[in-house]
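Colleague: Sharing a structure, written as structure tokens. Questions coming.
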Number of protein chains: 2
Amino acid sequence: MTEPARLRGPVLVVGAGLLGTSVALACRKAGLEVFLSDTSTEHLRTASGLGAGAAYAGQEVQLVVVAVPPDHLGSLIVEQLRKSDAVVTDVGSIKSQPLAEVVAGAPHDVRRYVGSHPMAGSERSGPLAASATLFEGRPWAIAVHEETDADAVSLVRELVEACGGVPLELTPEEHDQAVARTSHLPHLMASIVAGRLADAPEGHLAMSGQGVRDVTRIAASDPRLWQQIIAANSPAVLALLDEVTARIGAFRDAISSGERSELGTLLSEGVAGTRAIPGKHGGPPRPMSSVFVAVPDHPGELARLFADAGDIGVNIEDIRIDHDPGRPVGLVELVVDVARADHLADALAHRKWDVHR
Amino acid sequence: MTEPARLRGPVLVVGAGLLGTSVALACRKAGLEVFLSDTSTEHLRTASGLGAGAAYAGQEVQLVVVAVPPDHLGSLIVEQLRKSDAVVTDVGSIKSQPLAEVVAGAPHDVRRYVGSHPMAGSERSGPLAASATLFEGRPWAIAVHEETDADAVSLVRELVEACGGVPLELTPEEHDQAVARTSHLPHLMASIVAGRLADAPEGHLAMSGQGVRDVTRIAASDPRLWQQIIAANSPAVLALLDEVTARIGAFRDAISSGERSELGTLLSEGVAGTRAIPGKHGGPPRPMSSVFVAVPDHPGELARLFADAGDIGVNIEDIRIDHDPGRPVGLVELVVDVARADHLADALAHRKWDVHR
């Protein structure tokens, strides 16, 4: 066996938006030389100014990372494959469509192309929102296809690791089906639930609690980007929309006929689904539990709470704060391993915190 | 005008579960005498042991709070109205159906009944999960109906205020339509999206990011309780399911015909919906922005971050932590007023935190 190819750089990042600039910053942090290109000279200047790399001027590179919106992915990947012998990857949200464009547009170079997709982003966009730590601990798919060169896969895997991501190898088809289920369908459903809020009679939305805020949060993202993502993954998304329509029909029947046990069975499918989601960063699912703490609205109280939680030695997986500036007390939800929740609650109560479960 | 009735107690809480015991604890904290009743002697003993009040033994009370699952609400409210001249309220998730049962079962006493509904709860249940601060700052609907006695409304409003809730007056019909939209429909959609995860091919769920976790979180709640809630609000829920089915059809058409602008328009409805949700605790919506901070996994680092944020003087509205015990760095998302985000990010960066937006 020959030694796998090593990522030594330089790396060319095409597209200095949020993702491209973040990849560039992470590569620089890992000690790699980085060049940047972008049709926007303003983005290019901003990203360079942040230390993400120098403007590209035709230098030879080892790896090209295409970080542009879905509509432009295929043509820019083909252009890069034709320009040089470098390995080319991308960080787009869909993987089958760009591969098909590469097969059509650069059939002899397709072995040097391996698409990828980091599960990280932000509601903001542009290079100013970028960070070298954006991908830290996040799943990052590597879409290995039949004709992929093993060295190309090694380089992309090293890129993912240099950025702190957790590499996951999938075929492009598997990837697109996986994100249809874990990202695109949830996005559409969040959007549809949120859309019903816009129609609400006056005053009804005052009853909004944390649940509806969580369900609809991702619906706030840029519709121009999302219309490209959904359109580029239409077969997988349409198949899931059909499943959802059938399920809504089943709920409708159970509700209108008063079949309680059928309604309970349908709701239990959802419970099973929430348990199927792996632990963060791909670990096995771990049951979590919440401990609620009432925190007085004085400076330093949050810091004191976290200092106490740190002393108690329970790892906090998630935090939510429900705080109204006009009220004397805020409610902090600490999400911890279910096996540690009682200990945390008792130990915090012992330290005179007002705790409930 | 006569003086409105004042809540002096005693208060009888029927049902010593999570909500009932929390109401009792809050009333005790406000200095009111509280009695408890429950068919479960274990719940009763536990709640009493927590200081929520003494077991009820026929004493005269001013206000009865019925805190039982939806299926038993109507009959227990009627029973309480017949037993004494006290004002009766409840804390159930739906308001029209119990009122109809009261009108049928205790027509001469319906003026002494005013239903209510605090928008607070937990994935846990039972008296051990209770807290005097559960309702702190939460919307709490008071379902005023045509025959309601003004004094009864005053007493229930005082109960809400004694518990720290934010009273919202709605008719029972308005309430049920409002929660169908802000709670029951989001719950069903979360359940349907989660149900699709249970069907996922092996390995696909490793691509799950924060979005799908947020969308599906509430689907983990108890199906036995939720089948009662949904069944008791079926007309409003069915009307919204029809709207959702029509919208899915519109998305289907736009996706399969490749009508990008139509797809964008549909997604924009969702964006508008997320903006329609009021600020927490019923205030006007305020645009929020996130600041991300990479926090080293050393004890005390979170405490130091919150101490710094406190010094900087920016009010933190929400926090999320994305932390993997196996990695050296966790990512903390601080959600703040959009007008303060730049200041917070700059000031944290100045204090050597690794910040991005």
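By order of appearance in the structure tokens: chains A, B, ..., then residues from 1 within every chain, and ligands from 1 in the order shown.
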Please list as a list of chain:residue names every residue within 10 Å of Leu238 in chain A, counting only C-alpha atoms and excluding residues in the same chain fewer than 5 positions away.
Modeller: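 Everything that qualifies: A:Ala180, A:Leu185, A:Ile230, A:Asn233, A:Glu243, A:Val244, B:Ile248, B:Phe251, B:Arg252, B:Asp253, B:Ile255, B:Ser256.
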Colleague: Within 7 Å of Tyr113 in chain A, counting only C-alpha atoms, which residues show up once you throw out same-chain ones fewer than 5 positions away? Write them as a list in words, please.
Modeller: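 Close residues of Tyr113 in chain A: Val87, Val88, Thr89 and Thr148 of chain A.
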Colleague: Considering only C-alpha atoms, state which residue in the set A:Ala67, A:Ala86, A:Val355, A:Val336 is at the smallest distance from chain B.
Modeller: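 Once distances to chain B are computed over only C-alpha atoms, the minimum belongs to A:Val355.
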Colleague: Compile the contact shell of Pro139 in chain B as a list in words: residues with an atom at most 7 Å away, counting only C-alpha atoms, same-chain residues fewer than 5 positions apart removed.
Modeller: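 So, after excluding close chain neighbours, the residues are Met207 of chain A; Pro118, Met119, Gly165, Val166, Pro167, Leu168 and His281 of chain B.
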Colleague: Give me the residues near Glu79 in chain B as a ChimeraX atom specification, where near means some atom within 12 Å (using only C-alpha atoms) and where sequence neighbours in that chain fewer than 4 positions away do not count.
Modeller: /B:14,64,66,72-75,83-86,88,101-102,105-106,109-110,113
Colleague: Include N, CA and C atoms and write out the residues we just selected as a short mmCIF file (atom, residue, chain, number, x, y, z; two decimals), in the first residue's frame.
Modeller:
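Below you can see result_11.cif, which holds the result:
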data_model
loop_
_atom_site.label_atom_id
_atom_site.label_comp_id
_atom_site.auth_asym_id
_atom_site.auth_seq_id
_atom_site.Cartn_x
_atom_site.Cartn_y
_atom_site.Cartn_z
N VAL B 14 -56.93 21.00 43.50
CA VAL B 14 -57.37 19.62 43.23
C VAL B 14 -56.44 19.03 42.17
N VAL B 64 -60.98 27.51 44.29
CA VAL B 64 -60.57 26.14 43.98
C VAL B 64 -59.83 26.15 42.64
N VAL B 66 -58.53 23.55 39.84
CA VAL B 66 -58.57 22.16 39.39
C VAL B 66 -57.40 21.94 38.42
N HIS B 72 -60.48 14.64 32.62
CA HIS B 72 -61.20 14.68 33.89
C HIS B 72 -61.60 16.10 34.30
N LEU B 73 -61.21 17.10 33.49
CA LEU B 73 -61.43 18.50 33.88
C LEU B 73 -62.89 18.82 34.14
N GLY B 74 -63.71 18.61 33.10
CA GLY B 74 -65.11 19.03 33.18
C GLY B 74 -65.82 18.48 34.40
N SER B 75 -65.72 17.17 34.59
CA SER B 75 -66.49 16.55 35.68
C SER B 75 -65.99 17.03 37.05
N LYS B 83 -70.17 21.56 45.24
CA LYS B 83 -69.81 21.32 46.64
C LYS B 83 -69.86 22.55 47.52
N SER B 84 -69.53 23.74 46.94
CA SER B 84 -69.43 24.94 47.78
C SER B 84 -69.73 26.17 46.95
N ASP B 85 -69.62 27.33 47.56
CA ASP B 85 -69.84 28.59 46.85
C ASP B 85 -68.55 29.24 46.39
N ALA B 86 -67.44 28.50 46.48
CA ALA B 86 -66.14 29.07 46.10
C ALA B 86 -66.08 29.33 44.60
N VAL B 88 -64.26 28.77 41.14
CA VAL B 88 -63.49 27.63 40.65
C VAL B 88 -62.77 28.01 39.37
N GLU B 101 -69.03 21.51 29.45
CA GLU B 101 -69.43 20.52 30.45
C GLU B 101 -69.99 21.19 31.70
N VAL B 102 -69.44 22.36 32.05
CA VAL B 102 -69.95 23.09 33.22
C VAL B 102 -71.34 23.64 32.92
N GLY B 105 -73.55 20.70 33.19
CA GLY B 105 -73.60 19.98 34.47
C GLY B 105 -73.91 20.85 35.67
N ALA B 106 -73.65 22.14 35.59
CA ALA B 106 -73.88 23.04 36.74
C ALA B 106 -74.31 24.41 36.21
N ASP B 109 -74.31 27.58 38.33
CA ASP B 109 -73.07 27.96 39.01
C ASP B 109 -71.98 28.39 38.04
N VAL B 110 -72.33 28.45 36.74
CA VAL B 110 -71.30 28.69 35.72
C VAL B 110 -70.64 30.06 35.90
N TYR B 113 -67.34 29.98 37.62
CA TYR B 113 -66.23 29.27 36.97
C TYR B 113 -65.54 30.17 35.94
#
Colleague: So the first atom is CA of Arg181 in chain B and the second is CA of Ala194 in chain A; what is the distance between them in Å, to one decimal place?
Modeller: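 The value is 9.5 Å.
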Colleague: Do you have the CA of Thr171 in chain A-CA of Asp151 in chain A distance handy?
Modeller: 16.7 Å
